file final-v7.pdb (PDB, C-alpha atoms and all ligand atoms)
ATOM      1  CA  MET A   5      57.366 -34.970 -69.576  1.00  0.00           C
ATOM      2  CA  GLU A   6      55.774 -38.421 -69.470  1.00  0.00           C
ATOM      3  CA  ILE A   7      56.913 -41.607 -71.167  1.00  0.00           C
ATOM      4  CA  ALA A   8      54.308 -44.200 -72.145  1.00  0.00           C
ATOM      5  CA  ALA A   9      54.055 -47.249 -74.380  1.00  0.00           C
ATOM      6  CA  CYS A  10      52.552 -46.394 -77.770  1.00  0.00           C
ATOM      7  CA  ARG A  11      48.772 -46.915 -78.148  1.00  0.00           C
ATOM      8  CA  ALA A  12      47.018 -47.634 -81.447  1.00  0.00           C
ATOM      9  CA  GLU A  13      45.469 -44.156 -81.481  1.00  0.00           C
ATOM     10  CA  ASP A  14      48.918 -42.543 -81.096  1.00  0.00           C
ATOM     11  CA  ILE A  15      50.122 -43.680 -84.539  1.00  0.00           C
ATOM     12  CA  VAL A  16      48.284 -40.946 -86.470  1.00  0.00           C
ATOM     13  CA  VAL A  17      49.693 -38.336 -84.052  1.00  0.00           C
ATOM     14  CA  LEU A  18      53.227 -39.724 -84.412  1.00  0.00           C
ATOM     15  CA  ASP A  19      52.919 -39.701 -88.218  1.00  0.00           C
ATOM     16  CA  ARG A  20      51.845 -36.056 -88.054  1.00  0.00           C
ATOM     17  CA  PHE A  21      54.627 -34.778 -85.773  1.00  0.00           C
ATOM     18  CA  MET A  22      57.441 -37.211 -86.683  1.00  0.00           C
ATOM     19  CA  PRO A  23      56.830 -38.767 -90.122  1.00  0.00           C
ATOM     20  CA  SER A  24      59.034 -41.816 -90.777  1.00  0.00           C
ATOM     21  CA  TYR A  25      59.825 -43.299 -94.173  1.00  0.00           C
ATOM     22  CA  SER A  26      61.793 -46.236 -92.822  1.00  0.00           C
ATOM     23  CA  ILE A  27      60.397 -49.604 -93.924  1.00  0.00           C
ATOM     24  CA  ASP A  28      61.223 -51.460 -90.719  1.00  0.00           C
ATOM     25  CA  GLY A  29      61.271 -48.487 -88.333  1.00  0.00           C
ATOM     26  CA  ASN A  30      58.094 -46.570 -89.103  1.00  0.00           C
ATOM     27  CA  HIS A  31      55.593 -46.049 -86.281  1.00  0.00           C
ATOM     28  CA  ARG A  32      53.108 -48.649 -87.545  1.00  0.00           C
ATOM     29  CA  ALA A  33      55.787 -51.354 -87.894  1.00  0.00           C
ATOM     30  CA  ARG A  34      57.071 -50.609 -84.411  1.00  0.00           C
ATOM     31  CA  PHE A  35      53.592 -50.704 -82.922  1.00  0.00           C
ATOM     32  CA  ALA A  36      52.939 -54.028 -84.684  1.00  0.00           C
ATOM     33  CA  ARG A  37      56.052 -55.525 -83.060  1.00  0.00           C
ATOM     34  CA  GLN A  38      54.830 -54.263 -79.693  1.00  0.00           C
ATOM     35  CA  GLU A  39      51.430 -55.892 -80.305  1.00  0.00           C
ATOM     36  CA  ALA A  40      53.260 -59.144 -81.136  1.00  0.00           C
ATOM     37  CA  GLY A  41      55.101 -58.983 -77.795  1.00  0.00           C
ATOM     38  CA  GLU A  42      58.477 -58.461 -79.476  1.00  0.00           C
ATOM     39  CA  SER A  43      59.075 -54.919 -78.283  1.00  0.00           C
ATOM     40  CA  THR A  44      57.846 -51.955 -76.271  1.00  0.00           C
ATOM     41  CA  TYR A  45      57.514 -48.733 -78.250  1.00  0.00           C
ATOM     42  CA  LEU A  46      58.159 -45.885 -75.797  1.00  0.00           C
ATOM     43  CA  ILE A  47      56.906 -42.372 -76.573  1.00  0.00           C
ATOM     44  CA  PRO A  48      57.848 -39.260 -74.540  1.00  0.00           C
ATOM     45  CA  TRP A  49      55.039 -36.685 -74.358  1.00  0.00           C
ATOM     46  CA  LEU A  50      55.470 -32.990 -73.570  1.00  0.00           C
ATOM     47  CA  ASP A  51      52.514 -30.583 -73.413  1.00  0.00           C
ATOM     48  CA  GLY A  52      50.293 -33.112 -75.191  1.00  0.00           C
ATOM     49  CA  ARG A  53      52.531 -33.843 -78.160  1.00  0.00           C
ATOM     50  CA  PRO A  54      55.039 -36.623 -78.863  1.00  0.00           C
ATOM     51  CA  VAL A  55      58.661 -35.466 -78.725  1.00  0.00           C
ATOM     52  CA  GLY A  56      60.563 -38.596 -79.685  1.00  0.00           C
ATOM     53  CA  HIS A  57      60.600 -42.375 -79.471  1.00  0.00           C
ATOM     54  CA  ALA A  58      62.586 -45.471 -78.530  1.00  0.00           C
ATOM     55  CA  GLU A  59      61.738 -49.078 -79.338  1.00  0.00           C
ATOM     56  CA  VAL A  60      62.912 -51.641 -76.794  1.00  0.00           C
ATOM     57  CA  ARG A  61      63.355 -54.810 -78.821  1.00  0.00           C
ATOM     58  CA  TRP A  62      63.093 -57.684 -76.363  1.00  0.00           C
ATOM     59  CA  THR A  63      64.130 -60.030 -79.180  1.00  0.00           C
ATOM     60  CA  GLY A  64      67.521 -58.272 -79.412  1.00  0.00           C
ATOM     61  CA  CYS A  65      69.481 -56.740 -82.255  1.00  0.00           C
ATOM     62  CA  ALA A  66      68.575 -58.121 -85.692  1.00  0.00           C
ATOM     63  CA  ALA A  67      72.169 -58.000 -87.010  1.00  0.00           C
ATOM     64  CA  PRO A  68      73.737 -61.493 -87.218  1.00  0.00           C
ATOM     65  CA  GLU A  69      77.072 -60.205 -85.869  1.00  0.00           C
ATOM     66  CA  VAL A  70      75.481 -59.299 -82.515  1.00  0.00           C
ATOM     67  CA  PRO A  71      75.139 -62.242 -80.097  1.00  0.00           C
ATOM     68  CA  ALA A  72      71.552 -63.125 -79.104  1.00  0.00           C
ATOM     69  CA  GLY A  73      70.243 -62.729 -75.586  1.00  0.00           C
ATOM     70  CA  CYS A  74      70.522 -58.988 -75.050  1.00  0.00           C
ATOM     71  CA  PRO A  75      67.527 -56.687 -75.599  1.00  0.00           C
ATOM     72  CA  GLU A  76      68.178 -53.601 -77.690  1.00  0.00           C
ATOM     73  CA  ILE A  77      67.074 -49.962 -77.524  1.00  0.00           C
ATOM     74  CA  ASN A  78      66.400 -49.179 -81.176  1.00  0.00           C
ATOM     75  CA  GLY A  79      65.368 -45.947 -82.882  1.00  0.00           C
ATOM     76  CA  LEU A  80      66.208 -43.558 -80.056  1.00  0.00           C
ATOM     77  CA  PHE A  81      65.146 -40.134 -81.277  1.00  0.00           C
ATOM     78  CA  VAL A  82      64.176 -36.730 -79.850  1.00  0.00           C
ATOM     79  CA  TRP A  83      62.245 -34.236 -81.948  1.00  0.00           C
ATOM     80  CA  PRO A  84      62.201 -31.311 -82.620  1.00  0.00           C
ATOM     81  CA  GLU A  85      65.944 -30.667 -82.358  1.00  0.00           C
ATOM     82  CA  SER A  86      65.280 -27.671 -80.091  1.00  0.00           C
ATOM     83  CA  LEU A  87      64.266 -30.157 -77.361  1.00  0.00           C
ATOM     84  CA  ARG A  88      67.579 -32.039 -77.434  1.00  0.00           C
ATOM     85  CA  SER A  89      70.141 -31.786 -74.612  1.00  0.00           C
ATOM     86  CA  ARG A  90      67.364 -31.505 -72.008  1.00  0.00           C
ATOM     87  CA  GLY A  91      67.506 -35.077 -70.738  1.00  0.00           C
ATOM     88  CA  ILE A  92      64.703 -36.627 -72.825  1.00  0.00           C
ATOM     89  CA  GLY A  93      67.026 -39.138 -74.534  1.00  0.00           C
ATOM     90  CA  ALA A  94      68.555 -40.189 -71.219  1.00  0.00           C
ATOM     91  CA  ALA A  95      65.065 -40.524 -69.693  1.00  0.00           C
ATOM     92  CA  LEU A  96      64.047 -42.877 -72.537  1.00  0.00           C
ATOM     93  CA  VAL A  97      67.129 -45.035 -71.950  1.00  0.00           C
ATOM     94  CA  ARG A  98      66.447 -45.167 -68.201  1.00  0.00           C
ATOM     95  CA  GLU A  99      62.805 -46.114 -68.777  1.00  0.00           C
ATOM     96  CA  ALA A 100      63.911 -48.950 -71.089  1.00  0.00           C
ATOM     97  CA  GLU A 101      66.302 -50.153 -68.375  1.00  0.00           C
ATOM     98  CA  ARG A 102      63.541 -49.990 -65.747  1.00  0.00           C
ATOM     99  CA  LEU A 103      61.198 -52.068 -67.905  1.00  0.00           C
ATOM    100  CA  ALA A 104      63.975 -54.627 -68.449  1.00  0.00           C
ATOM    101  CA  ARG A 105      64.583 -54.998 -64.736  1.00  0.00           C
ATOM    102  CA  ARG A 106      60.850 -55.455 -64.140  1.00  0.00           C
ATOM    103  CA  ARG A 107      61.101 -58.419 -66.523  1.00  0.00           C
ATOM    104  CA  GLY A 108      64.062 -59.825 -64.595  1.00  0.00           C
ATOM    105  CA  ILE A 109      66.525 -58.864 -67.345  1.00  0.00           C
ATOM    106  CA  ASP A 110      69.885 -57.589 -66.084  1.00  0.00           C
ATOM    107  CA  VAL A 111      71.444 -56.378 -69.320  1.00  0.00           C
ATOM    108  CA  MET A 112      70.560 -53.807 -72.008  1.00  0.00           C
ATOM    109  CA  GLY A 113      72.193 -53.030 -75.344  1.00  0.00           C
ATOM    110  CA  LEU A 114      72.050 -50.475 -78.120  1.00  0.00           C
ATOM    111  CA  GLY A 115      73.854 -49.747 -81.351  1.00  0.00           C
ATOM    112  CA  VAL A 116      75.522 -46.494 -82.306  1.00  0.00           C
ATOM    113  CA  GLY A 117      76.781 -45.487 -85.735  1.00  0.00           C
ATOM    114  CA  ASP A 118      80.478 -44.747 -86.273  1.00  0.00           C
ATOM    115  CA  GLY A 119      79.513 -41.233 -87.370  1.00  0.00           C
ATOM    116  CA  ASN A 120      77.520 -40.335 -84.254  1.00  0.00           C
ATOM    117  CA  PRO A 121      80.066 -39.382 -81.558  1.00  0.00           C
ATOM    118  CA  ARG A 122      77.627 -37.221 -79.568  1.00  0.00           C
ATOM    119  CA  ALA A 123      75.201 -40.105 -79.113  1.00  0.00           C
ATOM    120  CA  ALA A 124      78.168 -42.366 -78.269  1.00  0.00           C
ATOM    121  CA  ALA A 125      79.241 -39.869 -75.591  1.00  0.00           C
ATOM    122  CA  LEU A 126      75.746 -39.923 -74.080  1.00  0.00           C
ATOM    123  CA  TYR A 127      75.688 -43.734 -73.956  1.00  0.00           C
ATOM    124  CA  ALA A 128      79.170 -43.865 -72.392  1.00  0.00           C
ATOM    125  CA  ARG A 129      77.963 -41.447 -69.690  1.00  0.00           C
ATOM    126  CA  LEU A 130      74.983 -43.714 -69.047  1.00  0.00           C
ATOM    127  CA  GLY A 131      77.285 -46.727 -68.538  1.00  0.00           C
ATOM    128  CA  TYR A 132      77.192 -48.470 -71.950  1.00  0.00           C
ATOM    129  CA  ARG A 133      80.405 -50.159 -73.118  1.00  0.00           C
ATOM    130  CA  PRO A 134      81.420 -51.282 -76.649  1.00  0.00           C
ATOM    131  CA  THR A 135      81.203 -54.998 -77.486  1.00  0.00           C
ATOM    132  CA  VAL A 136      81.066 -55.999 -81.185  1.00  0.00           C
ATOM    133  CA  THR A 137      81.063 -54.057 -84.435  1.00  0.00           C
ATOM    134  CA  TYR A 138      78.298 -54.774 -86.969  1.00  0.00           C
ATOM    135  CA  VAL A 139      76.593 -53.343 -90.023  1.00  0.00           C
ATOM    136  CA  ASP A 140      73.111 -51.895 -89.511  1.00  0.00           C
ATOM    137  CA  ARG A 141      71.171 -52.748 -92.687  1.00  0.00           C
ATOM    138  CA  HIS A 142      67.919 -50.845 -93.212  1.00  0.00           C
ATOM    139  CA  ALA A 143      65.844 -49.333 -96.000  1.00  0.00           C
ATOM    140  CA  HIS A 144      63.463 -46.464 -96.656  1.00  0.00           C
ATOM    141  CA  LEU A 145      60.997 -45.474 -99.363  1.00  0.00           C
ATOM    142  CA  ASP A 146      61.362 -42.049-100.968  1.00  0.00           C
ATOM    143  CA  ALA A 147      58.464 -39.802-102.040  1.00  0.00           C
ATOM    144  CA  GLU A 148      58.174 -41.736-105.350  1.00  0.00           C
ATOM    145  CA  GLY A 149      57.997 -45.051-103.511  1.00  0.00           C
ATOM    146  CA  VAL A 150      61.522 -46.060-104.580  1.00  0.00           C
ATOM    147  CA  ARG A 151      63.332 -48.256-102.064  1.00  0.00           C
ATOM    148  CA  HIS A 152      66.798 -47.141-100.843  1.00  0.00           C
ATOM    149  CA  GLU A 153      69.081 -49.551 -98.976  1.00  0.00           C
ATOM    150  CA  HIS A 154      71.516 -48.441 -96.256  1.00  0.00           C
ATOM    151  CA  ALA A 155      74.418 -50.228 -94.558  1.00  0.00           C
ATOM    152  CA  ASP A 156      75.840 -48.241 -91.630  1.00  0.00           C
ATOM    153  CA  PRO A 157      78.899 -49.416 -89.654  1.00  0.00           C
ATOM    154  CA  CYS A 158      77.978 -49.509 -85.959  1.00  0.00           C
ATOM    155  CA  VAL A 159      79.174 -50.645 -82.541  1.00  0.00           C
ATOM    156  CA  PHE A 160      76.898 -52.596 -80.200  1.00  0.00           C
ATOM    157  CA  LEU A 161      77.115 -51.248 -76.652  1.00  0.00           C
ATOM    158  CA  VAL A 162      76.052 -53.187 -73.569  1.00  0.00           C
ATOM    159  CA  LYS A 163      75.292 -52.226 -69.968  1.00  0.00           C
ATOM    160  CA  GLU A 164      74.919 -54.528 -66.987  1.00  0.00           C
ATOM    161  CA  LEU A 165      71.871 -53.208 -65.150  1.00  0.00           C
ATOM    162  CA  PRO A 166      72.404 -52.511 -61.465  1.00  0.00           C
ATOM    163  CA  SER A 167      70.568 -54.733 -59.012  1.00  0.00           C
ATOM    164  CA  GLY A 168      68.581 -53.211 -56.175  1.00  0.00           C
ATOM    165  CA  PRO A 169      64.989 -52.322 -55.324  1.00  0.00           C
ATOM    166  CA  LEU A 170      62.737 -51.433 -58.235  1.00  0.00           C
ATOM    167  CA  ASP A 171      60.731 -48.229 -58.072  1.00  0.00           C
ATOM    168  CA  VAL A 172      56.950 -48.490 -57.807  1.00  0.00           C
ATOM    169  CA  LYS A 173      56.022 -46.951 -61.187  1.00  0.00           C
ATOM    170  CA  GLN A 174      53.694 -49.222 -63.131  1.00  0.00           C
ATOM    171  CA  PRO A 175      54.415 -50.248 -66.772  1.00  0.00           C
TER     172      PRO A 175
HETATM  173  C1  LIG B 201      70.820 -38.867 -79.448  1.00  0.00           C
HETATM  174  C2  LIG B 201      69.522 -38.249 -78.905  1.00  0.00           C
HETATM  175  C3  LIG B 201      68.398 -39.277 -78.861  1.00  0.00           C
HETATM  176  C4  LIG B 201      69.815 -37.762 -77.473  1.00  0.00           C
HETATM  177  O1  LIG B 201      68.623 -37.207 -76.955  1.00  0.00           O
HETATM  178  P1  LIG B 201      68.705 -35.914 -76.011  1.00  0.00           P
HETATM  179  O2  LIG B 201      67.352 -35.703 -75.423  1.00  0.00           O
HETATM  180  O3  LIG B 201      69.346 -34.797 -76.736  1.00  0.00           O
HETATM  181  O4  LIG B 201      69.710 -36.501 -74.904  1.00  0.00           O
HETATM  182  P2  LIG B 201      69.997 -35.918 -73.470  1.00  0.00           P
HETATM  183  O5  LIG B 201      69.496 -34.511 -73.330  1.00  0.00           O
HETATM  184  O6  LIG B 201      69.560 -36.909 -72.464  1.00  0.00           O
HETATM  185  O7  LIG B 201      71.576 -35.919 -73.505  1.00  0.00           O
HETATM  186  C5  LIG B 201      72.220 -34.966 -74.322  1.00  0.00           C
HETATM  187  C6  LIG B 201      73.397 -35.615 -74.935  1.00  0.00           C
HETATM  188  O8  LIG B 201      73.019 -36.404 -76.058  1.00  0.00           O
HETATM  189  C7  LIG B 201      74.082 -36.428 -76.977  1.00  0.00           C
HETATM  190  N1  LIG B 201      73.641 -36.020 -78.307  1.00  0.00           N
HETATM  191  C8  LIG B 201      73.805 -36.765 -79.400  1.00  0.00           C
HETATM  192  N2  LIG B 201      73.332 -36.162 -80.474  1.00  0.00           N
HETATM  193  C9  LIG B 201      72.841 -34.968 -80.078  1.00  0.00           C
HETATM  194  C10 LIG B 201      72.211 -33.881 -80.739  1.00  0.00           C
HETATM  195  N3  LIG B 201      72.007 -33.880 -82.074  1.00  0.00           N
HETATM  196  N4  LIG B 201      71.812 -32.815 -80.013  1.00  0.00           N
HETATM  197  C11 LIG B 201      71.998 -32.794 -78.683  1.00  0.00           C
HETATM  198  N5  LIG B 201      72.574 -33.812 -77.985  1.00  0.00           N
HETATM  199  C12 LIG B 201      73.017 -34.889 -78.686  1.00  0.00           C
HETATM  200  C13 LIG B 201      75.179 -35.549 -76.433  1.00  0.00           C
HETATM  201  O9  LIG B 201      76.110 -36.354 -75.719  1.00  0.00           O
HETATM  202  C14 LIG B 201      74.405 -34.657 -75.488  1.00  0.00           C
HETATM  203  O10 LIG B 201      75.189 -34.165 -74.480  1.00  0.00           O
HETATM  204  P3  LIG B 201      75.575 -32.610 -74.516  1.00  0.00           P
HETATM  205  O11 LIG B 201      74.255 -31.874 -74.502  1.00  0.00           O
HETATM  206  O12 LIG B 201      76.385 -32.440 -73.282  1.00  0.00           O
HETATM  207  O13 LIG B 201      76.336 -32.438 -75.808  1.00  0.00           O
HETATM  208  C15 LIG B 201      69.069 -37.017 -79.755  1.00  0.00           C
HETATM  209  O14 LIG B 201      70.096 -36.094 -79.803  1.00  0.00           O
HETATM  210  C16 LIG B 201      68.659 -37.372 -81.177  1.00  0.00           C
HETATM  211  O15 LIG B 201      67.478 -37.630 -81.427  1.00  0.00           O
HETATM  212  N6  LIG B 201      69.616 -37.374 -82.125  1.00  0.00           N
HETATM  213  C17 LIG B 201      69.318 -37.708 -83.519  1.00  0.00           C
HETATM  214  C18 LIG B 201      69.019 -39.188 -83.673  1.00  0.00           C
HETATM  215  C19 LIG B 201      70.148 -40.036 -83.130  1.00  0.00           C
HETATM  216  O16 LIG B 201      71.306 -39.775 -83.367  1.00  0.00           O
HETATM  217  N7  LIG B 201      69.755 -41.098 -82.379  1.00  0.00           N
HETATM  218  C20 LIG B 201      70.708 -42.017 -81.762  1.00  0.00           C
HETATM  219  C21 LIG B 201      70.915 -43.180 -82.635  1.00  0.00           C
HETATM  220  S1  LIG B 201      72.129 -44.272 -81.902  1.00  0.00           S
END
call {"tool": "encode", "arguments": {"input": "final-v7.pdb", "output": "structure tokens", "more": "lines below"}}
Ligand SMILES: CC(C)(COP(=O)(O)OP(=O)(O)OC[C@H]1O[C@@H](n2cnc3c(N)ncnc32)[C@H](O)[C@@H]1OP(=O)(O)O)[C@@H](O)C(=O)NCCC(=O)NCCS
result
Amino acid sequence: MEIAACRAEDIVVLDRFMPSYSIDGNHRARFARQEAGESTYLIPWLDGRPVGHAEVRWTGCAAPEVPAGCPEINGLFVWPESLRSRGIGAALVREAERLARRRGIDVMGLGVGDGNPRAAALYARLGYRPTVTYVDRHAHLDAEGVRHEHADPCVFLVKELPSGPLDVKQP
């Protein structure tokens, strides 16, 4: 398994294997934020196909309840489900942390929904601790193009990144 930042030519492949109907979180929107320097859109590849994603938002969590100054891992996802519980999600989190440390950033955050205890357990194992509660507001378009709004109660988790020598892997 390899993890790499999304390239323009990957978008059509991502849309084929992992279609997204989110307005703010579809592959093209995430790639555009990466191009603007606001994020890094990480894609894990296995046997030549994408098997998930994670967007590291260097600008932090968009929710007003979450204090500024902490980058956020957004849209962590492993697909298909048969590939879960094999360490791909944890590898994406660790890669995000490595990129942060290369930038001289010593903290990382991510949000988890109140109804997602398994993901919360993973983040606790990786060293993330609860800070503030907030409401994750997002929207998607259905097959008829109708917009649906969502407001999910979440907790923002934060981890102080350990200091020490960085590995030699290039970005
Ligand atoms: C959460 C997620 C990214 C973890 O990826 P992963 O590759 O399965 O993670 P790892 O193999 O590194 O770690 C496995 C752990 O993830 C957690 N987990 C959360 N949801 C899970 C799921 N649906 N299936 C398997 N593991 C899940 C569990 O703590 C699991 O540990 P366990 O196998 O001992 O139960 C993945 O399960 C997923 O895409 N879930 C749906 C989307 C989601 O909930 N994203 C997180 C938003 S905050």
call {"tool": "closest_residue", "arguments": {"input": "final-v7.pdb", "among": "A:Val16, A:Ala95, A:Ala72, A:Met22", "to": "ligand LIG 201 (chain B)", "atoms": "all atoms listed in the file"}}
result
A:Ala95
call {"tool": "resolve_selection", "arguments": {"input": "final-v7.pdb", "expression": "the PyMOL selection byres (((chain A and resi 62) around 9) and not hetatm)", "output": "PDB file with C-alpha atoms, in the frame of the given file"}}
result
ATOM      1  CA  GLY A  41      55.101 -58.983 -77.795  1.00  0.00           C
ATOM      2  CA  GLU A  42      58.477 -58.461 -79.476  1.00  0.00           C
ATOM      3  CA  SER A  43      59.075 -54.919 -78.283  1.00  0.00           C
ATOM      4  CA  THR A  44      57.846 -51.955 -76.271  1.00  0.00           C
ATOM      5  CA  VAL A  60      62.912 -51.641 -76.794  1.00  0.00           C
ATOM      6  CA  ARG A  61      63.355 -54.810 -78.821  1.00  0.00           C
ATOM      7  CA  THR A  63      64.130 -60.030 -79.180  1.00  0.00           C
ATOM      8  CA  GLY A  64      67.521 -58.272 -79.412  1.00  0.00           C
ATOM      9  CA  CYS A  65      69.481 -56.740 -82.255  1.00  0.00           C
ATOM     10  CA  GLY A  73      70.243 -62.729 -75.586  1.00  0.00           C
ATOM     11  CA  CYS A  74      70.522 -58.988 -75.050  1.00  0.00           C
ATOM     12  CA  PRO A  75      67.527 -56.687 -75.599  1.00  0.00           C
ATOM     13  CA  GLU A  76      68.178 -53.601 -77.690  1.00  0.00           C
ATOM     14  CA  ILE A  77      67.074 -49.962 -77.524  1.00  0.00           C
ATOM     15  CA  ALA A 104      63.975 -54.627 -68.449  1.00  0.00           C
TER      16      ALA A 104
END
call {"tool": "residues_around", "arguments": {"input": "final-v7.pdb", "residues": "Arg20 (chain A)", "least_positions_apart": "4", "cutoff": "12 Å", "atoms": "only C-alpha atoms", "output": "PyMOL selection string"}}
result
chain A and resi 14-16+24+31+53-55
call {"tool": "residues_near_ligand", "arguments": {"input": "final-v7.pdb", "ligand": "ligand LIG 201 (chain B)", "cutoff": "9 Å", "atoms": "only C-alpha atoms and all ligand atoms", "output": "MDAnalysis selection string"}}
result
chainID A and resid 56:58 77:97 114:117 120:129 158
call {"tool": "residues_near_point", "arguments": {"input": "final-v7.pdb", "point": "(76.1, -53.6, -60.9)", "cutoff": "12 Å", "atoms": "only C-alpha atoms", "output": "PyMOL selection string"}}
result
chain A and resi 110-111+131+163-168
call {"tool": "resolve_selection", "arguments": {"input": "final-v7.pdb", "expression": "the PyMOL selection byres (((chain A and resi 9) around 12) and not hetatm)", "output": "ChimeraX atom specification"}}
result
/A:6-8,10-15,34-35,38-39,43-49,54,57-60,96,99-100,103,174-175
call {"tool": "axis_aligned_box", "arguments": {"input": "final-v7.pdb", "around": "region 115-134 of chain A", "padding_each_side": "6 Å", "output": "JSON"}}
result
{"center_x": 77.6, "center_y": -44.3, "center_z": -78.0, "size_x": 19.6, "size_y": 26.1, "size_z": 30.8}
call {"tool": "closest_residue", "arguments": {"input": "final-v7.pdb", "among": "A:Gly113, A:Gly119, A:Gly29, A:Pro71", "to": "His142 (chain A)", "atoms": "all atoms listed in the file"}}
result
A:Gly29
call {"tool": "atom_distance", "arguments": {"input": "final-v7.pdb", "atom1": "CA of Arg106 (chain A)", "atom2": "CA of Tyr132 (chain A)"}}
result
19.4 Å
